[in-house]
Structure formats: C-alpha cells, structure tokens
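Participant: Mind looking over this structure? Questions follow.
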Amino acid sequence: MIIFATSDKGGTGRSVTSSNLVYRQALQGKDACYLDFDFGSPTAGAIFDLSDVQAGSDGDGLHSYLAGAIPEPRRINVWAETQRESLRNRPAGVGRLTLVPSDRGRGEFPSTPGIVQRCVELLVRADEEYDVVLVDLSAGRSYATEIVLEATARPELADVEARWVVFHRWTRQHIVAAGSLVHGARGILDIGTAHGHKRAELAEKVRFVRTAVLDPAASDQAALRPEQLVWLDVCNMRLKDLAVTNKVGQVKLLGIIPLDPVLQWQEQLLTNDDVWLHRTANERTVNAFEDLAKKIVDVDAWEGL
Amino acid sequence: MQIKPRQQLLDIWRATARVSYRDGWVPGGLGGSNSISDAEQLLCIMAPATEIPLFRLDQPDTVTDDVLEALRPLGDNLQIPQRLLRALYDYLHRYTAADKITPIFSGGTYFSPEQGGDKVEQEQLDMDVVDSFSISVTLTLAIIGFTKVFRQVVTRAALLRQVEEVEQMANRRLTAAMAGLLRSFTVNVFTADSPFGQELVRTVNQERRATHVVVDELRLALREINARLRDDVTIGSGASEGSELDNPNRLFECGWSWGVVRDAPKIETSAEVGEQRDGVAQNAPYLYFTTVALDAIQALSSERTRLLGLLDPEQARLAQSLQLRFELTRSYWTTIATFGSGRWPLEDLPWRATDGIEFDYFSLLISGMVMQSMLAVRATNANLRRVADVLEELANRSRITRRSTEPETAVGVHFPGLHFPLEGSDALGGPGLQWTVADISPTLFKRTLNLASMTTDGPTRSRMLELSDSIWQHLSIRVIRHGDDHGLWDWAAGAYAYLPNGGSQVSWYYTKRVVDCLVNAANVINEPPLRSELLLQIAADLLNEADHLYDRELLSGIAIRGEALRVDLERVGAELKRARAVYRERPGVAVAVAEEVLRKLDRLAAARRADIG
C-alpha cells in the first residue's frame, strides 16, 4: 500500500506525524518505507536522527534520481544508522524501517515524462518490497503532488493500493485550506482528474488527519479556566460545522493527533521510552499514532458511506 | 431537576447497544419478540436521535464524542448509521407478510389469554392491534426523517440502494398504519338508559342532579362534536354510526378500539398498503388505545413532520382524516372529564369506564387528553392547577410518592400491571384475550413534566417539577441492577421490596417509555426558564441604583487618578453592561451581577467616609 501524505499549509506537523506513522508501522511488524518527496525542505533525516542527511542527502537522493542523474536513490536503514540510542535497540519482531532521503539544497521542479516514468518505477518497486510505503509530499499545491498524481494514473500502478492523507491543523484557516487543497480549483481532485483519475474514485481515497488538536476534555487541560473551557467548546462546535461545509468533516476523518508538548518543541519520533522512562511525551499522543497506523492500512476504515 | 437527561440517555444507549448488538441487532427482551416490542427496542435509540439535536445520528459528520463513546458496540461514526439502517431494514422485513407488501401489525406475545393456561391460537396472535399501528407511526416517521438526511452524505451505490429500500418500506408501513388507525376508530352510540348510558351519566353527574336534565345538557355540550362526527367522518370505521346520533336520548363515546373494528370498511387509497384484513374488535373505544392512537396522530402533525416534509400527498390526506378524529376525540373526553360546574368527573378518582371497569390509571389517561385540549385552548392556570392536583393524587394512590411496605392491591398497577379484556378477540376461535399495561409511572412522569411546561404559574410549576423528581427517583430505583441487562428497565422489586425478585430481563416496553420521559425532560430543560415578574422588577430597580452610583463615581473624576481604580471601575462598567444585556431573559442573573457591583461601589463610598470619621 502506498500512502501519499500532504498538508494544506506548512507547519501542520505532516512530516513528523508521517515519520511517527512509519515508525509505528515498523514496530507493528510491517516493512515500512519513507520516501521524502518534500524537495524544497527535506527534514526526514532530522526527525529520524540520521546525522549525515540532517537536511537531505548529497547528490544520491530522490531529487537526483528523479532528475535522471543516478540509477537508484540511496536507501538508509534507520534502525542501523540513527543516532538515537533508544531507536538503535531494534526490538525483536519489528519490520524494516527505510528512509529514502531527498537531496539537500534543491528545489521543486515541474514534471516531465521522464520524471513521471522514473517515479512510476520507483513506486512499483517500493510497493513490491515493502508492506507500507509513505510518500511525504510538500505542503499545498506542489509539483511533487502533480508528479505522483500523474504517476498513479498510469496502468503500471493501477493495481497498487494508493491512499491520500491530508494533514491539517484544527483551526479555521487550516480547515478551509485543507478543503480547498482537495476539492478546490487546481486541487488534488482537479489535477488528478486532469491526469486521468476518476474524480469520485479518487475522492474516496482521500482522508484527513487533524494534528496538534487541543482536546478540552483531556485531563491535562486542567490548567484551563472554566470560562476558557466553555469557550473552547463553542469554538470546537463552530469548527465542526466549518469542517462539514468544507468537506473535511468526521465522515472523512482518519485520526486526530493531540497537541503534544514534546512535538511542540522538537520534531522527533516518540518512542515508548519518551512516554514511560522520560515521561516527557503524552501517552495519548502515542496511542493516537498507534491507532492511526492501524487504521491507515485497514481496508474497512477506508470504506466510505 | 434531579434528572439529567443527557447523561441518563447516554447510559441507556450504552446499555441498549450492549444488550442489543452482538454481531447484529438482536430483538427480544422480556415480552418476547413482536411487532411492538421490537419497535420499542429500536426506538430506545431512534427516539432521542430524532427528537434531540445533540443525539442525532443521521449526520456522521457532527456526532458528538460522548454519543460515539456510548454507542461504541455499534461501531464508529460511519458504522453506527449503517448498522442501525440494517436493524431497521430487518425490522421492516420481519413484519411484512409473505406477499412482500402487506405490513404486519400483530400483537403477538403481548396478547395473553384472559384465563391463564388457555392456549392462544396462532390466528389470534397475528391479529393487528392499535398499539402496533401507533408505534409504527412513531418509528416510521423517525426512519423516514433519518433516511432523508442520511442519504445526503451517502455516495456508495450499494448503500444508497439500501437507504432507498428502507425508506420505501417505511413509507408503506406508515401508510398502512394510518389506514389501520382509520379502521380502528369507533363511535359507540347508546341510549341514555342502557348500561353504557347509565355509567356515562353517573360519571358526568357529579352534582347528583336529575338524569334527564344531565342528559340534555350533555347532548347540548357535545352537539358540535356530534355534528362533525355525522358530517365529516366519512371514511373508515365510525362513519356509519353518524346518522344514529341525531335520535333523541342517544349518547355516545368515541375513540379507538383495540384493533381494526368488526365490519370496518376498507380504506380507498392510491398508495400501496397491501391487504386490508377484516377486523374483529369490539365497536367501542378503549381508553388505553385511544391515548396511544392520539400520541401517534400528534406525531403525524408535529412541527418536525411538517418542516421536514415527511409525508407524501396520500399520507397527508390520511393524516388530515386522522387529525379530525384526534380533535373530536380529545374534545369529547375533555367535555366529559370537565363536565358540570362543581367537581370535575376527572377529579372523582378512580375513573369508571362505561363498561364498568375502573382504574386510577384511566384517570391518568383522561388527564392526558384533558391537558392536550388545554394546550390547544390556552387554559387558565387555575384549571391547570386542578389537573396538577389530580396528578399528585394519582402519584400518592399508586404508591409512587407514598411508601408501600406491605403487599397491597394498589401496587398491582406496577407489577404485574393492569389487565383488561379485548372484546371480540375470540372471534377467530381460541380463548378471549387480554392486554396488559404497567406504564403508569412513566406516563405520569410525562404528564407531570408536560403540565410543568404548560403552566406560567410559578408555584404550580415548582410543584410539578418536584413531583416529576419524585417519580424519576421511583423510576431510577426500578432499573435492573444485575445480570446481562443491567442499566435497563424494569425491576419493580427495586421499589416494592416484597415483590418477587425475579425479572432481570429487559422490558423494551418499559425502557422505551423511560426514554420518552427523558426526551421530554430534555425538551423542558431546553425551554427558557420561567421569568418571575417580581425578579424582573427587582433587577430593574437594582440596575437603576447601580447605574446611578457608577455614573457618580465616574463624575467624581477619581478614575483618572489611580491606575488600579481605573481598571476596577472599567470592570464594573463591563459587568453592568452584561447585567443590562441579560436582565429581560434572566432577571436572576442580573440581580446577582448588580448586587456585586453595588457592593464594590459601596466599598469606595465607605472608604471616603473613613477619612472624615
């Protein structure tokens, strides 16, 4: 299964959530692969704590591969190469965890038939080798998005399960932007349709994940005053209505990632040590990743109405 | 109010989902599976979902988290409506005859033989009963409302087909139920000196006057109802008796029999309702079934039904005919129950029906009809108070607000319930059947709350709210505590310790009525609070004084001199503004705010005096 992760705007926590998802998939015993298609600002290296690709690889990454400069992009075995102690103790029974980084200091580029062809080959190969392939696209409408939409419309990828997950924050601006990114002019559906996807079918493959959501009902919000809680409740209701009008309501919701203090300060993988040993991360956050990781590959969860 | 509808409804949903859903919807319960009990079970979920916006399930986008949590056994926000739809489909399918068209309204296991031990024939169990017509109206209206909204979010073709099929079946069942109600309406005409006539005259003649005077006055009071029954009731049962009404010395009663009346003509309709079976029921009204039918017809003409456009043109035509019978019946019983200038017949407990059966429970049913009329004619608070007295008395006499420590007959109304014979039920062979009702507590609760929301008289309202609290307390100790069905009703031994401690199986009959109570309570709580004229006056005066003192404080210029003082006074200004904004709607709040403002201002005034000594 290939999952395309995108977001309406920057700063939604798309990359950090995606990385954690892939990590959770691997922990659940699946072979998981992370393709960094965020050509403008590759950050996955930092999240996985890989010292030599902190801000992208050097000439042997995805950017170079798609441009046709090298026959194969570099693959990094995260379990072996990460600097983080708690990740290196790879537990028994877990799956492979591979990062395919992008190149540092490059930018976006428009699609050409050659690029699309190489992208198709890359995805077909990755899908054969891994249980879950997560493609981290950049925020908003991007060339990367267009390239993969074009690639997935090709017959070689017709039988591959492809899913789209749009990450957005739970605020007015983000709700509107997320709806527009999918349904708006030159949005995912528009561009997908232009490249030969069937609009209704593609729409069924798109789901939303809300990130950094402040849950007024959670016990760790005890510091909020009653008035603030009441107001939050009203806001929440309004946002729900707004989400429905922008077609990002609960029907298309795949998961909610709560606001977490650790992720607020530092983009990183949340390990069980962070919750139980250091007690810096919230258990709720990890549970949310865990649930989302299960749901995202569960065919029933994608069954719409 | 002690009653917390949202939390308690969620508890009931949690228990209902747990008990009813095990890899599929499981009908059953104490009364066994039949067309009424199964509908009652579904309505435990569907009624709040239909009546209270917070509990809606037809828009998966806006379902609240606590609702989702309560219905977890049914799945997530997408699975819940689909699985409910499946359960509704199964119900509609189960109660459709083999011809795949005719809906079935059989009483089934709710019928019992008058003489215990007699074997009831299958044909008897299959007889249609008004209770089933009525609950089908409620259920199908809920279903149609649900599908109409839910289909808007559905895109999958297979699911859409299922939604459409359910809606179509529900529509057919609704039309058939309305036709059934039209064929169970009855006008029982008798002479004043027949046994029926004597009972009726005894009931209305509270001042013990000469019989012929009372008969004449009663005929006069019923003249308009009489005329409309004769001229306007033209289809279904009850139409042929109209001509008899003009004969002198005739009295009558109207309402609903227990099933389709013997020799009731078929309803001519363009809609597909399947076979209209011949009726066997006695041509005389039963108070219980009359009340049940009135409730259903009220739902047909409710604001929701009209706003959502739930009825098709043919159904609207039938509904209009039913509405006429509704109004005539309601007026008839109100006229009888409040006849005369002295004590009302209603106040003479217990109510004695024309067939000589008397129960306190009947008084409660009659009060319900009287209240519905009072709502329509905007009755005075004095008259509402008289009904309130009756309700309080009923709660005492049925040992809801009075303790019952010894076995006594008054408790029979709760357990095992009242039985009354269904005349004509032996026409198809087999023994005579009887019907059992045990819902006096929830019905009384509903009426009490209704009255509380109708009256504008503060003391009566508080009395009724107190009474409803006591009845709720009674209901809440009757919840099943042990076994699989805990959290649902009914366990009468909880309230009356000497009753047999068996029965830990859920009665959907009872649980559905408790759900109705809670829905009612939620609606009452949603209304704005009763405004007290006295508080309004006090609030206005307090605000005037506070405003004046505040203005003087500003005029003194002190606000310019100290930062702390300025902030303080600005806050006082904001609070006064708030009090002004709310005082018409919530004078009590305005009083509280104004008092605080006055105290703050007085501290400044007192401080000034300190210097002078």
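Letters for chains follow the order of the structure tokens (A, B, ...), residue numbers begin at 1 for each chain, and ligand numbers begin at 1 in the order shown.
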What's the 12 Å shell around segment 269-278 of chain A, counting only C-alpha atoms, without same-chain residues fewer than 3 positions away, as a PyMOL selection string?
Facilitator: chain A and resi 13+15-24+27+44-49+78+82+84-91+260-263+266+281-290
Participant: Within segment 64-179 of chain A, find each residue whose DSSP state, derived from the backbone, is strand (DSSP E or B), and express the selection as a list in words.
Facilitator: Ile76, Asn77, Leu97, Thr98, Leu99, Val100, Asp103, Val132, Val133, Leu134, Val135, Asp136, Leu137, Ser138, Ala139, Ala162, Arg163, Trp164, Val165, Val166, Phe167, His168 and Arg169 of chain A
Participant: Take the residues that were just selected and, keeping C-alpha atoms, output them as a tab-separated table (two decimals), in the first residue's frame.
Facilitator:
```tsv
chain	number	residue	atom	x	y	z
A	76	ILE	CA	19.01	4.24	4.66
A	77	ASN	CA	18.28	1.55	7.22
A	97	LEU	CA	12.34	0.82	8.53
A	98	THR	CA	13.85	2.51	5.50
A	99	LEU	CA	14.27	6.17	4.64
A	100	VAL	CA	14.82	7.27	1.06
A	103	ASP	CA	18.83	15.94	-1.75
A	132	VAL	CA	3.68	0.19	3.60
A	133	VAL	CA	5.22	2.99	1.57
A	134	LEU	CA	4.69	6.51	2.78
A	135	VAL	CA	5.38	9.34	0.35
A	136	ASP	CA	5.84	12.62	2.15
A	137	LEU	CA	4.83	15.37	-0.27
A	138	SER	CA	5.35	19.03	0.45
A	139	ALA	CA	2.66	21.37	1.70
A	162	ALA	CA	-2.88	4.17	-3.22
A	163	ARG	CA	-4.26	6.36	-0.45
A	164	TRP	CA	-4.13	10.07	0.24
A	165	VAL	CA	-3.88	11.52	3.69
A	166	VAL	CA	-4.18	15.26	4.15
A	167	PHE	CA	-2.84	16.62	7.42
A	168	HIS	CA	-4.29	19.84	8.72
A	169	ARG	CA	-4.45	21.71	11.98
```
Participant: Do me a favour and pick out the residues of chain B within 8 Å of chain A, using only C-alpha atoms, as a CSV table (one decimal) with N, CA and C atoms, in the first residue's frame.
Facilitator:
```csv
chain,number,residue,atom,x,y,z
B,60,PRO,N,-23.2,11.8,10.2
B,60,PRO,CA,-22.0,11.2,10.8
B,60,PRO,C,-20.9,12.3,11.0
B,61,ASP,N,-21.0,13.4,10.3
B,61,ASP,CA,-20.0,14.5,10.5
B,61,ASP,C,-20.1,15.2,11.8
B,62,THR,N,-21.3,15.2,12.4
B,62,THR,CA,-21.4,16.1,13.6
B,62,THR,C,-21.8,15.3,14.8
B,77,ASN,N,-18.4,6.3,13.9
B,77,ASN,CA,-19.4,7.2,13.4
B,77,ASN,C,-20.0,6.8,12.0
B,78,LEU,N,-19.2,6.1,11.3
B,78,LEU,CA,-19.7,5.7,10.0
B,78,LEU,C,-20.5,4.4,10.1
B,153,VAL,N,-25.4,12.3,2.6
B,153,VAL,CA,-23.9,12.1,2.7
B,153,VAL,C,-23.5,10.7,2.1
B,154,VAL,N,-24.4,9.9,1.6
B,154,VAL,CA,-24.1,8.6,1.1
B,154,VAL,C,-23.7,8.8,-0.4
B,155,THR,N,-22.6,8.1,-0.7
B,155,THR,CA,-22.2,8.2,-2.1
B,155,THR,C,-22.1,6.8,-2.7
B,156,ARG,N,-21.8,5.8,-1.8
B,156,ARG,CA,-21.7,4.4,-2.4
B,156,ARG,C,-23.0,3.9,-2.9
B,159,LEU,N,-25.0,1.2,-0.8
B,159,LEU,CA,-25.6,1.7,0.4
B,159,LEU,C,-26.8,2.6,0.1
```
